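Engineer: I'd like to ask some things about the structure below.
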Amino acid sequence: MTASFEREGIQPDRQRYPEARQDADEASPAISSPAISRGTIAAGFEVRVQEAPIDVQAEIVPVMRNPRVGAVVNFIGVVRESGDFDDVVALELEHYPGMTEQALWSIVEEAVARWQLDTARIVHRTGRVELGQPVVLVLVAAQHRGAAFDACEFLMDFLKAHAPFWKKEIRRDGERRRVDAKTHDEQSMLRWG
Amino acid sequence: MELTVRYFASVREQVGLTSEVIHVDSEELAIDSLRTTLASRDARMAQALQAGRPICIAVNHEMVGSGFVVRENSEVAFFPPVTGG
């Protein structure tokens with residue numbers, strides 16, 4: 001869920017954690033809800049798995065408007081041409097509905113326990129994602145950049161190692177091939193202790 | 001107890017099943033025992049769940065080690081190492 005309010009309504013000591021967890025598999029992301037409009041501020045913690053394309057601008061701009069925030073860091077994972085295959089035109093993503101949201105949520109909780117954050121959001125696509133499009137957006141906002149940089153990298157490392165998604169590469173000629181897990185991703189987790 | 005077993009990604013493709021319900025007579029079942037039993041059913045299951053193949057196991061949406069023991073009706077999922085992000 002997104003905690004979003006008009007600027008005048010923002011509470012300086014608002015609850016850090018949302019009351020309810022994000023529903024699984026929202027077909028329409030929160031950006032299409034009436035609460036997110038011009039001038040809206042977004043804050044808080046959210047995870048979302050969606051079939052719709054990720055609108056990076058719409059996700060980030062409301063976070064920047066929060067007057068408490070001095071640092072916003074984001075990571076975008078993008079479909080590229082060469083993976084295990086060359087000439088990739090799209091990825092196809094599968095996930096474990098029910099477990100995915102829970103896994104992403106526990107990753108955010110872990111980051112919140114380690115760093116002072118104002119916002120932490122993970123948005124991950126499922127289904128077919130075209131070349132050049134975002135597969136995942138990790139967005140972090142904090143008062144200062146140290147926490148924002150570190151938390152963003154942590155969230156991505158953790159997601160790569162633990163979130164139950166599986167990818168297939170689709171080649172221009174229609175060939176499909178599973179992407180294999182990389183030992184590099186497991187190793188990246190080790191540095192966080 | 002009743003176990004709903006789910007398969008994902010390449011495990012699902014090899015097993016040929018999305019999910020199935022398994023009735024277990026005993027009050028507890030070790031997860032690696034479940035895997036061995038499923039693998040022994042036919043050649044297809046044997047290939048999908050063979051010992052030595054890296055398979056991740058989740059019980060009720062949480063990852064578990066192979067030594068985990070199931071003691072109540074649960075959802076058990078078998079899948080290959082994850083590749084999200």
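Residue numbers start at 1 in each chain; chains themselves are named A, B, ... in the order of the structure tokens; ligands are numbered from 1 in the order shown.
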Quick one: which residues from chain A are at most 12 Å off chain B, using only C-alpha atoms, as a ChimeraX atom specification?

Structural biologist: /A:49,75-79,91-104,106,122-126,134-138,153,155-169,177-186

Engineer: Write out as an MDAnalysis selection string the set of residues from chain B that DSSP, computed on the backbone, places in helix (DSSP H, G or I).

Structural biologist: chainID B and resid 9:15 31:39 43:49

Engineer: Could you pull out the strand (DSSP E) residues of segment 38-71 of chain A from DSSP and send them as number ranges by chain?

Structural biologist: A: 41-50, 71

Engineer: Could the residues in this selection be written to a file with N, CA and C atoms, as a JSON list (two decimals), in the first residue's frame?

Structural biologist:
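Generated output (selection.json):
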[["chain", "number", "residue", "atom", "x", "y", "z"],
["A", 41, "ILE", "N", 2.28, 13.66, -2.26],
["A", 41, "ILE", "CA", 3.54, 13.20, -1.69],
["A", 41, "ILE", "C", 3.39, 11.71, -1.39],
["A", 42, "ALA", "N", 4.40, 10.94, -1.71],
["A", 42, "ALA", "CA", 4.38, 9.52, -1.37],
["A", 42, "ALA", "C", 5.48, 9.25, -0.37],
["A", 43, "ALA", "N", 5.19, 8.40, 0.59],
["A", 43, "ALA", "CA", 6.19, 8.02, 1.59],
["A", 43, "ALA", "C", 5.84, 6.62, 2.07],
["A", 44, "GLY", "N", 6.69, 6.10, 2.91],
["A", 44, "GLY", "CA", 6.37, 4.82, 3.51],
["A", 44, "GLY", "C", 6.91, 3.65, 2.72],
["A", 45, "PHE", "N", 6.39, 2.49, 3.03],
["A", 45, "PHE", "CA", 6.99, 1.25, 2.57],
["A", 45, "PHE", "C", 5.97, 0.45, 1.77],
["A", 46, "GLU", "N", 6.44, -0.02, 0.62],
["A", 46, "GLU", "CA", 5.51, -0.69, -0.28],
["A", 46, "GLU", "C", 6.24, -1.72, -1.12],
["A", 47, "VAL", "N", 5.57, -2.82, -1.39],
["A", 47, "VAL", "CA", 6.06, -3.76, -2.39],
["A", 47, "VAL", "C", 4.91, -4.05, -3.34],
["A", 48, "ARG", "N", 5.24, -4.24, -4.61],
["A", 48, "ARG", "CA", 4.20, -4.44, -5.61],
["A", 48, "ARG", "C", 4.70, -5.33, -6.72],
["A", 49, "VAL", "N", 3.90, -6.31, -7.11],
["A", 49, "VAL", "CA", 4.17, -7.14, -8.28],
["A", 49, "VAL", "C", 3.09, -6.78, -9.29],
["A", 50, "GLN", "N", 3.47, -6.42, -10.49],
["A", 50, "GLN", "CA", 2.45, -5.98, -11.44],
["A", 50, "GLN", "C", 2.73, -6.44, -12.85],
["A", 71, "ALA", "N", 17.49, 12.74, 0.17],
["A", 71, "ALA", "CA", 18.19, 11.85, -0.74],
["A", 71, "ALA", "C", 17.25, 10.80, -1.29]]

Engineer: When you look at Val24 of chain B with a cut-off of 9 Å (counting only C-alpha atoms), what residues show up, excluding the ones that are within fewer than 6 positions of it in the same chain? I need them as a ChimeraX atom specification.

Structural biologist: /B:1-3

Engineer: Give me a file of those residues, with C-alpha atoms, as a short mmCIF file (atom, residue, chain, number, x, y, z; two decimals), in the first residue's frame.

Structural biologist:
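Writing done, so here's part_39.cif:
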data_model
loop_
_atom_site.label_atom_id
_atom_site.label_comp_id
_atom_site.auth_asym_id
_atom_site.auth_seq_id
_atom_site.Cartn_x
_atom_site.Cartn_y
_atom_site.Cartn_z
CA MET B 1 -2.03 -34.53 7.07
CA GLU B 2 -2.64 -32.99 3.68
CA LEU B 3 0.11 -31.31 1.69
#

Engineer: How many Å separate atom CA of Gly65 of chain B from atom CA of Ala30 of chain B?

Structural biologist: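 Atom CA of Gly65 of chain B sits 10.2 Å away from atom CA of Ala30 of chain B.
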
Engineer: What does the structure give for the distance between atom CA of Leu131 of chain A and atom CA of Glu13 of chain B, in Å to one decimal?

Structural biologist: 24.9 Å

Engineer: Take atom CA of Ile57 of chain B and atom CA of Phe78 of chain B and report the distance between them in Å, one decimal.

Structural biologist: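 A separation of 4.9 Å between them.
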